[in-house]
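Engineer: Please find final05.cif (mmCIF, C-alpha atoms) on the next line:
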data_my_file
loop_
_atom_site.group_PDB
_atom_site.id
_atom_site.type_symbol
_atom_site.label_atom_id
_atom_site.label_comp_id
_atom_site.auth_asym_id
_atom_site.auth_seq_id
_atom_site.Cartn_x
_atom_site.Cartn_y
_atom_site.Cartn_z
ATOM 1 C CA MET S 1 3.636 -35.078 21.138
ATOM 2 C CA LYS S 2 0.010 -34.297 20.349
ATOM 3 C CA ILE S 3 -0.958 -30.921 18.938
ATOM 4 C CA GLU S 4 -4.379 -29.417 19.549
ATOM 5 C CA ASN S 5 -6.709 -28.646 16.631
ATOM 6 C CA GLU S 6 -6.943 -25.038 17.813
ATOM 7 C CA THR S 7 -3.171 -24.710 17.505
ATOM 8 C CA LEU S 8 -3.216 -26.224 14.012
ATOM 9 C CA GLU S 9 -5.989 -23.873 12.928
ATOM 10 C CA GLY S 10 -4.097 -20.873 14.283
ATOM 11 C CA ALA S 11 -0.923 -21.957 12.481
ATOM 12 C CA ALA S 12 -2.867 -22.414 9.232
ATOM 13 C CA LEU S 13 -4.291 -18.890 9.549
ATOM 14 C CA LEU S 14 -0.807 -17.514 10.116
ATOM 15 C CA PHE S 15 0.509 -19.245 6.988
ATOM 16 C CA LYS S 16 -2.543 -18.082 5.052
ATOM 17 C CA ALA S 17 -1.722 -14.487 6.008
ATOM 18 C CA LEU S 18 1.843 -15.015 4.793
ATOM 19 C CA SER S 19 0.810 -16.771 1.576
ATOM 20 C CA ASP S 20 0.420 -13.480 -0.307
ATOM 21 C CA PRO S 21 3.744 -12.218 -1.738
ATOM 22 C CA HIS S 22 2.903 -8.595 -0.857
ATOM 23 C CA ARG S 23 2.151 -9.434 2.769
ATOM 24 C CA LEU S 24 5.267 -11.577 2.989
ATOM 25 C CA ALA S 25 7.302 -8.666 1.615
ATOM 26 C CA VAL S 26 5.773 -6.292 4.169
ATOM 27 C CA VAL S 27 6.669 -8.626 7.034
ATOM 28 C CA TYR S 28 10.153 -9.206 5.632
ATOM 29 C CA TYR S 29 10.951 -5.495 5.401
ATOM 30 C CA LEU S 30 9.441 -4.848 8.820
ATOM 31 C CA SER S 31 11.723 -7.556 10.200
ATOM 32 C CA LEU S 32 14.619 -5.375 9.020
ATOM 33 C CA ASN S 33 13.317 -2.003 10.186
ATOM 34 C CA ASP S 34 10.216 -0.380 11.681
ATOM 35 C CA MET S 35 8.391 1.713 9.076
ATOM 36 C CA ASN S 36 5.338 3.854 8.489
ATOM 37 C CA VAL S 37 2.822 3.120 5.718
ATOM 38 C CA ASN S 38 4.387 5.604 3.286
ATOM 39 C CA THR S 39 7.854 4.106 3.683
ATOM 40 C CA ILE S 40 6.502 0.586 3.179
ATOM 41 C CA ALA S 41 4.579 1.736 0.095
ATOM 42 C CA ASP S 42 7.702 3.396 -1.356
ATOM 43 C CA THR S 43 9.885 0.385 -0.552
ATOM 44 C CA LEU S 44 7.484 -2.047 -2.227
ATOM 45 C CA ASN S 45 6.330 0.301 -4.985
ATOM 46 C CA MET S 46 2.712 -0.121 -3.860
ATOM 47 C CA GLU S 47 -0.166 2.261 -3.270
ATOM 48 C CA GLN S 48 -0.602 3.384 0.338
ATOM 49 C CA SER S 49 -4.165 2.031 0.408
ATOM 50 C CA ALA S 50 -2.957 -1.411 -0.721
ATOM 51 C CA VAL S 51 -0.295 -1.438 1.993
ATOM 52 C CA SER S 52 -2.850 -0.395 4.607
ATOM 53 C CA HIS S 53 -5.089 -3.287 3.544
ATOM 54 C CA GLN S 54 -2.202 -5.765 3.843
ATOM 55 C CA LEU S 55 -1.235 -4.377 7.251
ATOM 56 C CA LYS S 56 -4.798 -4.860 8.503
ATOM 57 C CA ILE S 57 -4.623 -8.555 7.592
ATOM 58 C CA LEU S 58 -1.170 -8.936 9.134
ATOM 59 C CA LYS S 59 -2.291 -7.247 12.362
ATOM 60 C CA ALA S 60 -5.303 -9.568 12.573
ATOM 61 C CA ALA S 61 -2.908 -12.527 12.242
ATOM 62 C CA ARG S 62 -0.737 -11.029 15.033
ATOM 63 C CA LEU S 63 2.286 -10.798 12.757
ATOM 64 C CA VAL S 64 2.709 -7.024 12.983
ATOM 65 C CA LYS S 65 1.885 -4.329 15.497
ATOM 66 C CA SER S 66 1.808 -0.556 15.418
ATOM 67 C CA ARG S 67 2.530 2.376 17.666
ATOM 68 C CA ARG S 68 1.723 6.035 17.278
ATOM 69 C CA GLU S 69 4.489 8.614 17.029
ATOM 70 C CA GLY S 70 2.809 12.001 16.774
ATOM 71 C CA LYS S 71 0.444 11.797 13.812
ATOM 72 C CA THR S 72 2.283 8.846 12.276
ATOM 73 C CA ARG S 73 1.662 5.166 12.905
ATOM 74 C CA ILE S 74 4.859 3.091 12.934
ATOM 75 C CA TYR S 75 4.639 -0.627 12.139
ATOM 76 C CA SER S 76 6.932 -3.388 13.346
ATOM 77 C CA ILE S 77 6.881 -7.156 13.581
ATOM 78 C CA MET S 78 4.984 -8.530 16.552
ATOM 79 C CA ASP S 79 7.918 -10.281 18.235
ATOM 80 C CA GLU S 80 11.112 -12.272 17.784
ATOM 81 C CA HIS S 81 9.142 -15.367 16.705
ATOM 82 C CA VAL S 82 7.968 -13.571 13.567
ATOM 83 C CA TYR S 83 11.528 -12.503 12.770
ATOM 84 C CA GLU S 84 12.776 -16.073 13.193
ATOM 85 C CA LEU S 85 9.946 -17.472 11.069
ATOM 86 C CA ILE S 86 10.601 -15.062 8.193
ATOM 87 C CA ASN S 87 14.360 -15.516 8.436
ATOM 88 C CA GLN S 88 14.028 -19.319 8.323
ATOM 89 C CA VAL S 89 11.664 -19.227 5.330
ATOM 90 C CA VAL S 90 13.875 -16.848 3.341
ATOM 91 C CA THR S 91 17.020 -18.859 4.186
ATOM 92 C CA HIS S 92 15.304 -22.119 3.209
ATOM 93 C CA VAL S 93 14.137 -20.761 -0.154
ATOM 94 C CA GLN S 94 17.553 -19.258 -0.917
ATOM 95 C CA GLU S 95 19.445 -22.483 -0.187
ATOM 96 C CA LYS S 96 21.098 -24.103 -3.182
ATOM 97 C CA ARG S 97 19.981 -27.627 -3.810
#
Before anything else, please render the file you have as structure tokens.
Structural biologist:
Amino acid sequence: MKIENETLEGAALLFKALSDPHRLAVVYYLSLNDMNVNTIADTLNMEQSAVSHQLKILKAARLVKSRREGKTRIYSIMDEHVYELINQVVTHVQEKR
């Protein structure tokens, strides 16, 4: 099966977005539960501005999305594919060799 260059480039950008441990942690915790920026920052012991920066990159890569609830923006993973991707990566790394 042939894969288009555009698809390969998109996949590379997705992995680039996930290559940062902070961004990977954000996506991992969002795969467990929807959260606002303050909750993510508290969970990861990061500054809110740093989390916001990481979320901007993750949104651009279509890994996370947000919705407004009153004055708060709630973040979640984009779809089931992201959950499966993160779950597979974490399971693979945790496997004993």
Engineer: Just the residues within 12 Å of Leu85 of chain S, please, counting only C-alpha atoms, with nothing from its chain fewer than 5 positions along; format it as a list in words.
Structural biologist: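 That gives Ala11, Leu14, Phe15, Leu18, Leu24, Val27, Tyr28, Ser31, Leu63, Ile77, Met78, Asp79, Glu80, Val90, Thr91 and His92 of chain S.
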Engineer: Provide the atom CA of Ser52 of chain S to atom CA of Arg67 of chain S distance in Å, to one decimal place.
Structural biologist: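 For atom CA of Ser52 of chain S relative to atom CA of Arg67 of chain S, the distance reads 14.4 Å.
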Engineer: For Gly10 of chain S, which of S:Ile86, S:Ala60, S:Ala25, S:Leu30 is the closest residue, counting only C-alpha atoms?
Structural biologist: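 Of the candidates, the smallest distance to Gly10 of chain S is held by S:Ala60.
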Engineer: Mind pulling up the distance from atom CA of Met35 of chain S to atom CA of Tyr75 of chain S?
Structural biologist: 5.4 Å
Engineer: Work out how far atom CA of Leu58 of chain S is from atom CA of Arg23 of chain S, in Å to one decimal.
Structural biologist: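 Computed distance, atom CA of Arg23 of chain S to atom CA of Leu58 of chain S, equals 7.2 Å.
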Engineer: Which neighbours of Thr72 of chain S fall inside 12 Å, counting only C-alpha atoms, when residues of the same chain fewer than 4 positions from it are skipped, and could you give them as a list of chain:residue names?
Structural biologist: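 Here the answer would be S:Met35, S:Asn36, S:Val37, S:Asn38, S:Thr39, S:Ser66, S:Arg67, S:Arg68.
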Engineer: Please determine an axis-aligned box that encloses all atoms of segment 54-58 of chain S listed in the file, with 5 Å added on each side, and express its centre and edge lengths in Å to one decimal as JSON.
Structural biologist:
{"center_x": -3.0, "center_y": -6.7, "center_z": 6.5, "size_x": 13.6, "size_y": 14.6, "size_z": 15.3}
Engineer: Given only C-alpha atoms as the basis, pick out the residue of S:Val26, S:Ile3, S:Glu84, S:Lys16 nearest to Val51 of chain S.
Structural biologist: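 For Val51 of chain S, the nearest of the candidates is S:Val26.
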Engineer: Which one is closest to Thr43 of chain S: S:Arg62, S:Lys56, S:His81, S:His22? Count all atoms listed in the file.
Structural biologist: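 The shortest atom-to-atom distance to Thr43 of chain S comes from S:His22.
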Engineer: Using only C-alpha atoms, can you tell me which of S:Asn33, S:Ala41, S:Ala61, S:Lys71 comes closest to Ala12 of chain S?
Structural biologist: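 Closest to Ala12 of chain S, using only C-alpha atoms: S:Ala61.
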Engineer: Taking only C-alpha atoms into account, name the residue in S:Lys59, S:Leu32, S:Asn45, S:Glu4 that is nearest to Ala17 of chain S.
Structural biologist: S:Lys59
Engineer: I'd like to know which of S:Ile40, S:Val89, S:Leu8, S:Met46 is closest to Ser76 of chain S, using all atoms listed in the file.
Structural biologist: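 Among the listed residues, S:Ile40 lies closest to Ser76 of chain S.
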